[in-house]
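As provided, my_file04.txt (compact mmCIF, C-alpha atoms) reads as follows.
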```txt
# COMPACT_ATOMS: atom_id res chain seq x y z
CA MET N 34 36.08 -17.36 28.49
CA THR N 35 32.48 -16.94 29.56
CA ILE N 36 29.90 -15.94 27.01
CA THR N 37 26.32 -14.97 27.65
CA VAL N 38 23.66 -15.95 25.12
CA ALA N 39 20.32 -14.14 25.06
CA LEU N 40 17.32 -16.30 24.24
CA PHE N 41 14.01 -15.35 22.62
CA GLY N 42 10.65 -16.81 21.68
CA ILE N 43 10.48 -20.58 21.47
CA ALA N 44 14.24 -20.91 22.15
CA ARG N 45 13.72 -19.14 25.49
CA GLU N 46 10.87 -21.52 26.28
CA ILE N 47 12.85 -24.63 25.32
CA VAL N 48 15.82 -23.64 27.44
CA GLY N 49 13.57 -22.33 30.21
CA GLN N 50 15.39 -19.08 30.87
CA PRO N 51 15.95 -15.73 29.10
CA SER N 52 19.73 -16.14 28.82
CA ILE N 53 22.48 -18.62 29.57
CA ALA N 54 26.12 -18.18 30.53
CA LEU N 55 28.52 -20.73 29.03
CA ASP N 56 32.19 -21.57 29.36
CA ALA N 57 33.57 -21.50 25.85
CA PRO N 58 37.03 -22.22 24.45
CA ALA N 59 38.92 -19.25 23.04
CA GLY N 60 38.19 -19.03 19.33
CA GLN N 61 34.72 -20.58 19.70
CA SER N 62 32.80 -20.04 16.46
CA ALA N 63 29.12 -19.30 15.93
CA ALA N 64 28.70 -22.80 14.45
CA GLY N 65 30.49 -24.32 17.44
CA LEU N 66 28.17 -22.55 19.84
CA LEU N 67 25.11 -23.75 17.90
CA ALA N 68 26.32 -27.34 17.99
CA GLU N 69 26.96 -27.16 21.71
CA LEU N 70 23.52 -25.69 22.45
CA ARG N 71 21.70 -28.18 20.24
CA SER N 72 23.44 -30.97 22.09
CA ALA N 73 22.62 -29.52 25.53
CA TYR N 74 19.00 -28.70 24.60
CA PRO N 75 17.73 -31.27 22.07
CA GLY N 76 14.46 -29.34 21.65
CA LEU N 77 16.41 -26.69 19.74
CA ALA N 78 17.28 -29.23 17.05
CA GLY N 79 13.59 -29.52 16.11
CA LEU N 80 13.27 -25.88 15.06
CA ARG N 81 12.88 -24.87 11.43
CA SER N 82 16.00 -22.72 11.72
CA LEU N 83 18.35 -21.42 14.37
CA ALA N 84 20.86 -18.60 13.91
CA VAL N 85 23.43 -16.86 16.05
CA ALA N 86 23.47 -13.08 16.21
CA VAL N 87 26.54 -11.16 17.33
CA ASN N 88 26.14 -7.48 18.16
CA SER N 89 22.76 -7.27 16.39
CA GLU N 90 23.98 -8.87 13.13
CA TYR N 91 23.44 -12.41 11.89
CA ALA N 92 26.73 -14.28 12.29
CA ALA N 93 28.15 -16.57 9.60
CA ASP N 94 29.20 -20.03 10.80
CA ASP N 95 32.88 -19.12 11.09
CA VAL N 96 32.48 -15.89 13.03
CA VAL N 97 34.61 -16.08 16.19
CA LEU N 98 32.91 -15.12 19.44
CA HIS N 99 34.44 -12.85 22.04
CA GLU N 100 33.66 -12.41 25.72
CA ARG N 101 32.25 -8.92 25.34
CA ASP N 102 30.09 -9.67 22.29
CA GLU N 103 26.34 -9.38 22.65
CA ILE N 104 25.34 -12.87 21.56
CA ALA N 105 21.81 -14.10 20.92
CA LEU N 106 20.12 -17.22 19.62
CA ILE N 107 17.57 -16.44 16.90
CA PRO N 108 14.82 -19.04 16.37
CA PRO N 109 12.59 -18.75 13.25
CA VAL N 110 11.34 -15.15 13.13
CA SER N 111 7.67 -14.40 12.56
CA GLY N 112 7.21 -10.65 12.75
CA GLY N 113 4.97 -8.61 10.52
CA MET X 33 -34.79 14.89 -31.33
CA THR X 34 -32.68 17.19 -29.19
CA ILE X 35 -29.82 15.73 -27.16
CA THR X 36 -27.72 17.48 -24.59
CA VAL X 37 -24.06 16.59 -24.30
CA ALA X 38 -22.15 17.43 -21.11
CA LEU X 39 -18.53 18.48 -21.63
CA PHE X 40 -15.57 18.17 -19.28
CA GLY X 41 -11.92 19.07 -19.01
CA ILE X 42 -10.18 19.95 -22.24
CA ALA X 43 -13.31 19.11 -24.28
CA ARG X 44 -15.20 21.77 -22.35
CA GLU X 45 -12.40 24.24 -23.04
CA ILE X 46 -12.24 23.41 -26.77
CA VAL X 47 -15.99 23.79 -27.22
CA GLY X 48 -16.07 26.81 -24.92
CA GLN X 49 -19.11 25.79 -22.86
CA PRO X 50 -20.04 23.15 -20.27
CA SER X 51 -22.71 21.49 -22.45
CA ILE X 52 -24.19 21.67 -25.90
CA ALA X 53 -27.68 20.93 -27.19
CA LEU X 54 -27.82 19.30 -30.64
CA ASP X 55 -30.51 18.34 -33.10
CA ALA X 56 -29.91 14.68 -33.83
CA PRO X 57 -31.65 12.24 -36.18
CA ALA X 58 -33.67 9.46 -34.54
CA GLY X 59 -31.39 6.45 -34.14
CA GLN X 60 -28.24 8.56 -33.85
CA SER X 61 -25.39 6.37 -32.59
CA ALA X 62 -22.55 7.22 -30.22
CA ALA X 63 -20.10 7.00 -33.15
CA GLY X 64 -22.33 9.28 -35.21
CA LEU X 65 -22.39 11.87 -32.45
CA LEU X 66 -18.60 11.73 -32.13
CA ALA X 67 -18.15 12.25 -35.87
CA GLU X 68 -20.50 15.19 -35.84
CA LEU X 69 -18.78 16.85 -32.89
CA ARG X 70 -15.29 16.31 -34.32
CA SER X 71 -16.41 17.94 -37.51
CA ALA X 72 -18.02 20.90 -35.71
CA TYR X 73 -15.08 21.35 -33.30
CA PRO X 74 -11.84 20.32 -35.05
CA GLY X 75 -9.86 20.77 -31.82
CA LEU X 76 -11.52 17.62 -30.50
CA ALA X 77 -9.88 15.58 -33.27
CA GLY X 78 -6.45 16.31 -31.80
CA LEU X 79 -7.16 14.59 -28.49
CA ARG X 80 -5.51 11.29 -27.57
CA SER X 81 -8.95 9.71 -27.16
CA LEU X 82 -12.57 10.74 -27.00
CA ALA X 83 -15.44 8.60 -25.75
CA VAL X 84 -19.16 8.97 -25.36
CA ALA X 85 -20.78 8.12 -22.05
CA VAL X 86 -24.48 7.34 -21.79
CA ASN X 87 -26.04 7.28 -18.33
CA SER X 88 -22.63 7.04 -16.60
CA GLU X 89 -21.39 4.12 -18.71
CA TYR X 90 -18.96 4.17 -21.61
CA ALA X 91 -20.98 3.67 -24.80
CA ALA X 92 -19.88 1.34 -27.60
CA ASP X 93 -19.88 2.87 -31.10
CA ASP X 94 -23.25 1.39 -32.05
CA VAL X 95 -25.16 2.42 -28.92
CA VAL X 96 -28.25 4.36 -29.98
CA LEU X 97 -28.88 7.65 -28.20
CA HIS X 98 -32.25 8.71 -26.83
CA GLU X 99 -33.55 12.13 -25.93
CA ARG X 100 -33.67 11.46 -22.19
CA ASP X 101 -30.23 9.86 -21.94
CA GLU X 102 -27.60 11.64 -19.91
CA ILE X 103 -24.90 11.97 -22.54
CA ALA X 104 -21.33 13.18 -21.95
CA LEU X 105 -18.16 13.54 -23.96
CA ILE X 106 -15.17 11.99 -22.17
CA PRO X 107 -11.71 13.31 -23.15
CA PRO X 108 -8.60 11.40 -21.95
CA VAL X 109 -9.01 10.87 -18.21
CA SER X 110 -6.16 11.66 -15.82
CA GLY X 111 -7.39 11.05 -12.29
CA GLY X 112 -5.40 9.47 -9.51
CA MET H 270 -17.15 -1.34 -0.39
CA GLN H 271 -16.85 2.37 0.38
CA ILE H 272 -16.58 4.74 -2.59
CA ASP H 273 -16.35 8.49 -2.21
CA LEU H 274 -15.69 11.59 -4.26
CA THR H 275 -15.15 14.79 -2.31
CA ASP H 276 -14.01 18.36 -2.74
CA GLN H 277 -12.76 18.42 0.86
CA PRO H 278 -9.37 17.21 2.21
CA ILE H 279 -9.31 13.41 2.43
CA ASP H 280 -9.15 11.85 5.90
CA VAL H 281 -6.59 9.17 5.02
CA ALA H 282 -6.90 7.34 8.35
CA ALA H 283 -10.67 7.06 7.92
CA VAL H 284 -10.30 5.49 4.46
CA LEU H 285 -7.78 3.00 5.82
CA GLN H 286 -10.04 2.17 8.71
CA ALA H 287 -12.92 1.54 6.31
CA ALA H 288 -10.76 -1.13 4.64
CA GLU H 289 -9.75 -2.94 7.83
CA SER H 290 -11.38 -6.24 8.75
CA ALA H 291 -10.92 -8.68 11.62
CA GLU H 292 -10.89 -11.42 8.99
CA ALA H 293 -8.09 -9.89 6.96
CA GLY H 294 -4.57 -9.46 8.32
CA ALA H 295 -3.28 -7.46 5.38
CA VAL H 296 -4.22 -3.94 4.34
CA ASN H 297 -2.54 -2.29 1.39
CA ALA H 298 -3.09 1.37 0.69
CA PHE H 299 -2.07 3.64 -2.13
CA ILE H 300 -2.04 7.37 -1.51
CA GLY H 301 -1.59 9.71 -4.43
CA THR H 302 -0.33 13.17 -3.51
CA VAL H 303 0.37 16.30 -5.52
CA ARG H 304 4.02 16.42 -6.61
CA ASN H 305 5.92 19.64 -6.98
CA ARG H 306 7.33 18.57 -10.35
CA SER H 307 5.92 16.95 -13.48
CA GLU H 308 8.09 16.04 -16.45
CA GLY H 309 10.72 18.51 -15.36
CA ARG H 310 8.39 21.47 -14.80
CA ARG H 311 7.65 22.99 -11.42
CA VAL H 312 4.01 22.47 -10.50
CA VAL H 313 2.33 25.26 -8.51
CA ARG H 314 -1.00 23.46 -7.89
CA LEU H 315 -3.44 21.07 -9.52
CA HIS H 316 -7.06 21.36 -10.54
CA TYR H 317 -9.11 18.16 -10.66
CA GLU H 318 -12.40 18.25 -12.53
CA ALA H 319 -14.80 15.34 -12.13
CA TYR H 320 -18.03 14.17 -13.75
CA PRO H 321 -19.44 13.15 -10.37
CA PRO H 322 -22.24 10.63 -11.06
CA MET H 323 -20.18 8.78 -13.67
CA ALA H 324 -16.99 9.00 -11.59
CA LEU H 325 -18.75 7.37 -8.64
CA ARG H 326 -20.28 4.73 -10.92
CA GLN H 327 -16.92 3.94 -12.53
CA LEU H 328 -15.09 3.87 -9.18
CA ALA H 329 -17.63 1.30 -8.01
CA ARG H 330 -17.15 -0.70 -11.23
CA VAL H 331 -13.39 -0.77 -10.71
CA ALA H 332 -13.93 -2.06 -7.17
CA GLU H 333 -16.37 -4.68 -8.47
CA MET H 334 -13.89 -5.84 -11.10
CA ALA H 335 -11.19 -6.15 -8.43
CA GLN H 336 -13.57 -8.16 -6.25
CA GLU H 337 -14.16 -10.55 -9.17
CA LYS H 338 -10.44 -10.98 -9.85
CA TRP H 339 -9.55 -11.34 -6.14
CA PRO H 340 -12.52 -13.05 -4.49
CA MET H 341 -10.64 -13.09 -1.18
CA LEU H 342 -10.84 -9.28 -0.96
CA ARG H 343 -12.64 -8.40 2.26
CA LYS H 344 -13.02 -4.65 2.03
CA ILE H 345 -12.30 -1.99 -0.55
CA ALA H 346 -12.31 1.75 0.17
CA ILE H 347 -11.61 4.40 -2.45
CA THR H 348 -11.80 8.17 -2.03
CA HIS H 349 -10.89 10.63 -4.76
CA ARG H 350 -10.72 14.37 -4.28
CA HIS H 351 -11.56 17.03 -6.83
CA GLY H 352 -11.24 20.79 -6.96
CA THR H 353 -8.03 22.75 -6.45
CA LEU H 354 -5.18 20.92 -4.67
CA GLU H 355 -1.92 22.32 -3.38
CA ILE H 356 1.48 20.57 -3.38
CA GLY H 357 1.44 17.68 -0.90
CA ASP H 358 -2.36 17.41 -0.80
CA VAL H 359 -3.80 13.91 -1.05
CA ALA H 360 -5.68 13.42 -4.33
CA VAL H 361 -6.68 9.76 -4.01
CA VAL H 362 -6.61 6.94 -1.46
CA VAL H 363 -7.21 3.29 -2.34
CA ALA H 364 -7.21 0.77 0.50
CA VAL H 365 -7.99 -2.95 0.43
CA SER H 366 -7.82 -5.82 2.88
CA THR H 367 -7.14 -9.50 2.25
CA PRO H 368 -6.24 -12.44 4.47
CA HIS H 369 -2.75 -12.69 2.92
CA ARG H 370 -0.53 -9.82 1.94
CA ALA H 371 0.47 -10.60 -1.66
CA ASP H 372 -3.17 -10.33 -2.73
CA SER H 373 -3.52 -6.94 -1.04
CA PHE H 374 -0.63 -5.50 -3.06
CA ALA H 375 -1.88 -6.94 -6.36
CA ALA H 376 -5.49 -5.87 -5.87
CA CYS H 377 -4.61 -2.35 -4.72
CA GLU H 378 -2.28 -1.82 -7.68
CA TYR H 379 -4.93 -3.13 -10.09
CA ILE H 380 -7.47 -0.69 -8.66
CA ILE H 381 -5.30 2.42 -8.94
CA ASP H 382 -4.05 1.42 -12.42
CA THR H 383 -7.60 0.82 -13.68
CA LEU H 384 -8.97 3.91 -11.95
CA LYS H 385 -6.50 6.03 -13.90
CA GLU H 386 -7.75 4.52 -17.15
CA VAL H 387 -11.51 4.68 -16.76
CA VAL H 388 -12.70 7.08 -14.06
CA PRO H 389 -13.85 10.42 -15.54
CA ILE H 390 -11.65 12.78 -13.58
CA TRP H 391 -9.36 15.25 -15.29
CA LYS H 392 -6.23 16.85 -13.95
CA LYS H 393 -5.00 20.28 -15.01
CA GLU H 394 -1.48 21.09 -13.90
CA GLU H 395 -0.74 24.70 -13.14
CA TYR H 396 2.83 25.89 -13.67
CA GLU H 397 4.25 29.35 -13.06
CA ASP H 398 3.69 30.18 -16.73
CA GLY H 399 0.53 28.34 -17.73
CA THR H 400 -1.65 25.26 -17.39
CA VAL H 401 -1.91 21.89 -19.17
CA TRP H 402 -4.61 19.21 -19.14
CA VAL H 403 -2.58 16.10 -18.32
CA ALA H 404 -2.33 13.39 -21.00
CA ALA H 405 -4.97 15.05 -23.21
CA HIS H 406 -2.88 15.01 -26.38
CA PRO H 407 -0.86 12.19 -27.98
CA MET R 94 14.13 6.95 7.03
CA GLN R 95 12.04 6.53 10.18
CA ILE R 96 12.29 3.21 12.00
CA ASP R 97 10.40 2.48 15.20
CA LEU R 98 9.61 -0.40 17.52
CA THR R 99 6.97 0.25 20.14
CA ASP R 100 4.83 -1.50 22.72
CA GLN R 101 2.12 1.14 22.30
CA PRO R 102 -0.67 1.29 19.67
CA ILE R 103 0.72 2.44 16.32
CA ASP R 104 -0.44 5.82 15.00
CA VAL R 105 -0.92 4.70 11.39
CA ALA R 106 -1.54 8.22 10.07
CA ALA R 107 1.72 9.43 11.62
CA VAL R 108 3.71 6.66 9.92
CA LEU R 109 2.11 7.49 6.57
CA GLN R 110 2.83 11.15 7.06
CA ALA R 111 6.47 10.36 7.78
CA ALA R 112 6.66 8.74 4.34
CA GLU R 113 5.09 11.59 2.38
CA SER R 114 7.25 13.91 0.31
CA ALA R 115 6.49 16.87 -1.93
CA GLU R 116 8.84 15.28 -4.47
CA ALA R 117 7.01 11.96 -4.55
CA GLY R 118 3.45 11.64 -5.79
CA ALA R 119 3.03 8.00 -4.76
CA VAL R 120 2.83 6.56 -1.27
CA ASN R 121 2.28 2.86 -0.75
CA ALA R 122 1.57 1.51 2.70
CA PHE R 123 1.20 -1.97 4.09
CA ILE R 124 -0.63 -2.38 7.38
CA GLY R 125 -0.52 -5.75 9.11
CA THR R 126 -3.36 -6.33 11.56
CA VAL R 127 -4.21 -9.21 13.90
CA ARG R 128 -6.59 -11.66 12.20
CA ASN R 129 -9.21 -13.58 14.11
CA ARG R 130 -8.26 -16.83 12.34
CA SER R 131 -5.02 -18.58 11.48
CA GLU R 132 -4.92 -21.80 9.50
CA GLY R 133 -8.49 -22.56 10.44
CA ARG R 134 -8.13 -21.90 14.18
CA ARG R 135 -9.79 -19.05 16.01
CA VAL R 136 -7.18 -16.65 17.36
CA VAL R 137 -7.93 -14.95 20.69
CA ARG R 138 -4.94 -12.60 20.72
CA LEU R 139 -1.29 -12.42 19.74
CA HIS R 140 1.92 -11.94 21.69
CA TYR R 141 4.87 -10.38 19.87
CA GLU R 142 8.28 -10.72 21.43
CA ALA R 143 11.15 -8.64 20.05
CA TYR R 144 14.91 -8.48 20.50
CA PRO R 145 14.83 -4.67 20.45
CA PRO R 146 18.35 -3.51 19.55
CA MET R 147 18.75 -6.14 16.84
CA ALA R 148 15.18 -5.66 15.58
CA LEU R 149 15.80 -1.93 15.12
CA ARG R 150 19.15 -2.63 13.45
CA GLN R 151 17.62 -5.19 11.07
CA LEU R 152 14.62 -2.97 10.26
CA ALA R 153 17.08 -0.24 9.28
CA ARG R 154 19.04 -2.74 7.16
CA VAL R 155 15.90 -3.78 5.32
CA ALA R 156 15.16 -0.12 4.58
CA GLU R 157 18.75 0.40 3.40
CA MET R 158 18.53 -2.62 1.09
CA ALA R 159 15.27 -1.27 -0.36
CA GLN R 160 16.90 2.14 -0.91
CA GLU R 161 19.72 0.44 -2.83
CA LYS R 162 17.33 -1.55 -5.01
CA TRP R 163 14.99 1.42 -5.62
CA PRO R 164 17.24 4.52 -5.63
CA MET R 165 14.19 6.69 -6.43
CA LEU R 166 12.69 5.97 -2.99
CA ARG R 167 12.21 9.30 -1.24
CA LYS R 168 11.10 8.27 2.23
CA ILE R 169 10.69 5.03 4.13
CA ALA R 170 8.84 4.69 7.44
CA ILE R 171 8.48 1.41 9.33
CA THR R 172 6.90 0.88 12.74
CA HIS R 173 6.50 -2.53 14.36
CA ARG R 174 4.62 -3.13 17.56
CA HIS R 175 5.42 -5.74 20.22
CA GLY R 176 3.71 -6.96 23.35
CA THR R 177 0.16 -8.32 23.54
CA LEU R 178 -2.17 -7.42 20.65
CA GLU R 179 -5.89 -7.96 20.36
CA ILE R 180 -7.82 -8.86 17.19
CA GLY R 181 -7.81 -5.94 14.77
CA ASP R 182 -4.80 -4.24 16.36
CA VAL R 183 -2.13 -2.97 13.98
CA ALA R 184 1.10 -4.96 14.30
CA VAL R 185 3.20 -3.34 11.60
CA VAL R 186 3.09 -0.40 9.20
CA VAL R 187 5.45 0.03 6.25
CA ALA R 188 5.11 3.18 4.14
CA VAL R 189 7.26 4.39 1.26
CA SER R 190 7.11 7.21 -1.24
CA THR R 191 8.36 7.34 -4.82
CA PRO R 192 7.79 9.69 -7.76
CA HIS R 193 5.90 6.98 -9.71
CA ARG R 194 3.48 4.48 -8.29
CA ALA R 195 4.74 1.13 -9.60
CA ASP R 196 7.99 1.60 -7.64
CA SER R 197 6.08 2.34 -4.44
CA PHE R 198 4.21 -0.98 -4.64
CA ALA R 199 7.34 -2.99 -5.45
CA ALA R 200 9.49 -1.40 -2.75
CA CYS R 201 6.85 -1.65 -0.04
CA GLU R 202 6.22 -5.33 -0.82
CA TYR R 203 9.97 -6.03 -0.78
CA ILE R 204 10.29 -4.38 2.63
CA ILE R 205 7.47 -6.31 4.30
CA ASP R 206 8.57 -9.60 2.69
CA THR R 207 12.16 -9.13 3.81
CA LEU R 208 11.15 -7.86 7.26
CA LYS R 209 9.30 -11.11 7.84
CA GLU R 210 12.44 -13.09 7.01
CA VAL R 211 15.11 -11.26 8.95
CA VAL R 212 13.79 -9.04 11.74
CA PRO R 213 14.04 -10.74 15.16
CA ILE R 214 10.42 -10.53 16.24
CA TRP R 215 8.44 -13.60 17.25
CA LYS R 216 4.70 -14.08 17.20
CA LYS R 217 2.88 -16.40 19.57
CA GLU R 218 -0.73 -17.06 18.64
CA GLU R 219 -3.13 -17.63 21.48
CA TYR R 220 -6.15 -19.84 20.79
CA GLU R 221 -8.94 -20.78 23.16
CA ASP R 222 -7.08 -24.01 23.99
CA GLY R 223 -3.40 -23.14 23.86
CA THR R 224 -0.61 -21.15 22.23
CA VAL R 225 1.79 -21.72 19.33
CA TRP R 226 4.97 -19.90 18.28
CA VAL R 227 4.27 -19.19 14.61
CA ALA R 228 6.45 -20.93 12.01
CA ALA R 229 8.87 -22.24 14.62
CA HIS R 230 8.75 -25.86 13.47
CA PRO R 231 9.09 -27.31 9.96
```
Could you render the structure as structure tokens?
Amino acid sequence: MTITVALFGIAREIVGQPSIALDAPAGQSAAGLLAELRSAYPGLAGLRSLAVAVNSEYAADDVVLHERDEIALIPPVSGG
Amino acid sequence: MTITVALFGIAREIVGQPSIALDAPAGQSAAGLLAELRSAYPGLAGLRSLAVAVNSEYAADDVVLHERDEIALIPPVSGG
Amino acid sequence: MQIDLTDQPIDVAAVLQAAESAEAGAVNAFIGTVRNRSEGRRVVRLHYEAYPPMALRQLARVAEMAQEKWPMLRKIAITHRHGTLEIGDVAVVVAVSTPHRADSFAACEYIIDTLKEVVPIWKKEEYEDGTVWVAAHP
Amino acid sequence: MQIDLTDQPIDVAAVLQAAESAEAGAVNAFIGTVRNRSEGRRVVRLHYEAYPPMALRQLARVAEMAQEKWPMLRKIAITHRHGTLEIGDVAVVVAVSTPHRADSFAACEYIIDTLKEVVPIWKKEEYEDGTVWVAAHP
């Protein structure tokens, strides 16, 4: 399946684009996606934290991703 | 000497007027004034607290009153 | 420091603005309004009586004490209203600014707590069947 | 509950008003503004980037969590700005109302503290000689 990952803040700058489309195995987990992205973009590994959001909620490591999910990478937030 | 005592809130209502003029001995203290007023107006004794203010400051018991001081009786405050 | 006592409606935004500072990222504000109930009774309106010169002096003292306890306080603005207030009217606004937010909460709460203990302002609650001077008796 | 994310200047008074209630005598508000210094460096301006649908969802969650912890909360209003902000501009306003004041301070502080941990908004500080994404690195 193909999943699209939206990127924000410093993660967007590290990757160099506002979103990426990836081929992912069926049953890909949030943790699996994180590992893959950290390997493809080593700059992401230097961040204080990095989370995956699925459909506007933070996803636990074992959450399984689906093609139609709205997926985003969440670097350390700093609102307020 | 004659001192004038300004009255507010429930103290004003108990005494029935916004200020009272009193003959006071030279050297009258804040505590002495309070005792005299409580005796003259027993309703004051039922209040949760009663303080004397001299020139816009709370007066300790042993503060000596003078004729030109601006003296006030302060019943329990409830601003805010 | 901006201290005010007024018998006119309080301009809340103006008090907040008086507390803002380019050097302080955090503003905390407390706004006390007239509730429609008090200890189970329906309140119709409130009457605040003040001893103006002493109230202003004591409001300033409270602000000075807060400034001593929280030296990082940049600005302090306090406005208290007196006279007759209807339900929903703003009775008091306290606003402070600090570089970091935890201090703004602590200092603002200290100011309103202390104000209620020392500032000579008295509140008479009016119910449908009478009035009571708040907290006057034990 | 009134939750908003906007790229326009925040009307602070309107947010406060949205939190007022005739049943609640206490309103506490936190206003976060852009400071001219950060960790010793002079800040020229700030850029806030948001992930809007998730930011709105998480702001609402924070408000819901506060309502669970403080069931006496009457109203909660939160507005966060994004885009480019100049020194002194208001970035966020949190306002809550409760019948008694101590709860209003505690709930408002909880909301802003939690907001800063979970809401997907990112702040880039611009200095005279560069920019930094705040808190991105350990």
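Picture a line from atom CA of R:Ile214 to atom CA of N:Phe41; it runs 8.8 Å.
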*asked:* Can you tell me which residues surround stretch 80-94 of chain X at a distance of at most 7 Å, considering only C-alpha atoms, apart from same-chain residues fewer than 3 positions away, and format the answer as a VMD selection string?
replied: (chain X and resid 61 to 63 101 to 108) or (chain H and resid 322 to 323 326 405 to 407)
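One distance worth recording is that between atom CA of H:Ile272 and atom CA of H:Val296, which is 16.6 Å.
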*Excluding same-chain residues fewer than 5 positions from stretch 204-213 of chain R, what lies within 9 Å of it counting only C-alpha atoms, as an MDAnalysis selection string?*
(chainID N and resid 41 91 107:113) or (chainID R and resid 123 142:145 147:152 155:156 158:159 185:187 199)
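Note that atom CA of R:Arg194 and atom CA of H:Glu394 are 18.2 Å apart.
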*Residue contacts of stretch 102-116 of chain R (7 Å, only C-alpha atoms) excluding same-chain residues fewer than 5 positions away, as a count of residues only*: 17
*Have a look at X:Leu79, X:Glu99, X:Ser71, X:Ala56 and name the one nearest to X:Gly41; count all atoms listed in the file.*
X:Leu79
Reference chain N, mobile chain X, all Cα atoms fitted, written as a short mmCIF file (atom, residue, chain, number, x, y, z; two decimals) with C-alpha atoms, in the coordinates of the input:
```
data_model
loop_
_atom_site.label_atom_id
_atom_site.label_comp_id
_atom_site.auth_asym_id
_atom_site.auth_seq_id
_atom_site.Cartn_x
_atom_site.Cartn_y
_atom_site.Cartn_z
CA MET X 33 36.08 -17.39 28.49
CA THR X 34 32.48 -16.95 29.58
CA ILE X 35 29.87 -15.94 27.01
CA THR X 36 26.30 -14.98 27.64
CA VAL X 37 23.67 -15.95 25.12
CA ALA X 38 20.32 -14.14 25.07
CA LEU X 39 17.31 -16.32 24.23
CA PHE X 40 14.01 -15.36 22.63
CA GLY X 41 10.67 -16.82 21.68
CA ILE X 42 10.49 -20.58 21.48
CA ALA X 43 14.25 -20.90 22.16
CA ARG X 44 13.72 -19.14 25.48
CA GLU X 45 10.87 -21.51 26.27
CA ILE X 46 12.85 -24.63 25.32
CA VAL X 47 15.84 -23.63 27.43
CA GLY X 48 13.58 -22.36 30.21
CA GLN X 49 15.39 -19.07 30.86
CA PRO X 50 15.95 -15.73 29.10
CA SER X 51 19.75 -16.15 28.84
CA ILE X 52 22.47 -18.63 29.56
CA ALA X 53 26.11 -18.17 30.54
CA LEU X 54 28.52 -20.72 29.03
CA ASP X 55 32.18 -21.56 29.38
CA ALA X 56 33.54 -21.49 25.86
CA PRO X 57 37.01 -22.22 24.46
CA ALA X 58 38.93 -19.24 23.06
CA GLY X 59 38.18 -19.02 19.34
CA GLN X 60 34.73 -20.58 19.69
CA SER X 61 32.79 -20.04 16.46
CA ALA X 62 29.10 -19.32 15.94
CA ALA X 63 28.68 -22.82 14.45
CA GLY X 64 30.47 -24.33 17.43
CA LEU X 65 28.16 -22.55 19.84
CA LEU X 66 25.10 -23.75 17.91
CA ALA X 67 26.32 -27.35 18.00
CA GLU X 68 26.95 -27.15 21.71
CA LEU X 69 23.53 -25.68 22.46
CA ARG X 70 21.71 -28.20 20.25
CA SER X 71 23.44 -30.97 22.08
CA ALA X 72 22.64 -29.52 25.52
CA TYR X 73 19.01 -28.70 24.61
CA PRO X 74 17.73 -31.26 22.08
CA GLY X 75 14.47 -29.34 21.65
CA LEU X 76 16.41 -26.69 19.74
CA ALA X 77 17.28 -29.25 17.05
CA GLY X 78 13.61 -29.52 16.11
CA LEU X 79 13.28 -25.88 15.08
CA ARG X 80 12.89 -24.87 11.43
CA SER X 81 16.02 -22.73 11.72
CA LEU X 82 18.36 -21.40 14.36
CA ALA X 83 20.87 -18.60 13.92
CA VAL X 84 23.44 -16.86 16.04
CA ALA X 85 23.47 -13.08 16.21
CA VAL X 86 26.55 -11.17 17.31
CA ASN X 87 26.14 -7.49 18.15
CA SER X 88 22.76 -7.27 16.38
CA GLU X 89 23.98 -8.86 13.14
CA TYR X 90 23.44 -12.40 11.89
CA ALA X 91 26.74 -14.26 12.29
CA ALA X 92 28.16 -16.55 9.61
CA ASP X 93 29.20 -20.03 10.81
CA ASP X 94 32.88 -19.13 11.09
CA VAL X 95 32.47 -15.88 13.04
CA VAL X 96 34.60 -16.08 16.18
CA LEU X 97 32.91 -15.12 19.43
CA HIS X 98 34.46 -12.84 22.04
CA GLU X 99 33.66 -12.42 25.70
CA ARG X 100 32.24 -8.92 25.32
CA ASP X 101 30.09 -9.66 22.28
CA GLU X 102 26.35 -9.39 22.66
CA ILE X 103 25.36 -12.87 21.54
CA ALA X 104 21.80 -14.09 20.91
CA LEU X 105 20.14 -17.22 19.62
CA ILE X 106 17.58 -16.44 16.90
CA PRO X 107 14.81 -19.04 16.36
CA PRO X 108 12.59 -18.73 13.24
CA VAL X 109 11.34 -15.14 13.13
CA SER X 110 7.66 -14.39 12.55
CA GLY X 111 7.18 -10.64 12.75
CA GLY X 112 4.95 -8.58 10.53
#
```
Using all atoms of stretch 36-53 of chain N listed in the file and a margin of 3 Å per side, can you give the axis-aligned box centre and edge lengths in Å to one decimal, as lines of an AutoDock Vina configuration file?
```
center_x = 20.2
center_y = -19.4
center_z = 26.2
size_x = 25.4
size_y = 16.5
size_z = 15.4
```
*Would you please work out which residue, of N:Ile43, N:Leu55, N:Gly76, N:Val48, is nearest to chain R when using only C-alpha atoms?*
N:Ile43
_Residues within 6 Å of (-5.9, 17.0, -19.8), file coordinates, counting all atoms listed in the file: what are they? Give the list as a PyMOL selection string._
(chain X and resi 42) or (chain H and resi 391-393+402-405)
*Hey, which of H:Thr367, H:Gln336, H:Thr302, H:Ser373 ends up closest to chain R? Count all atoms listed in the file.*
H:Thr302
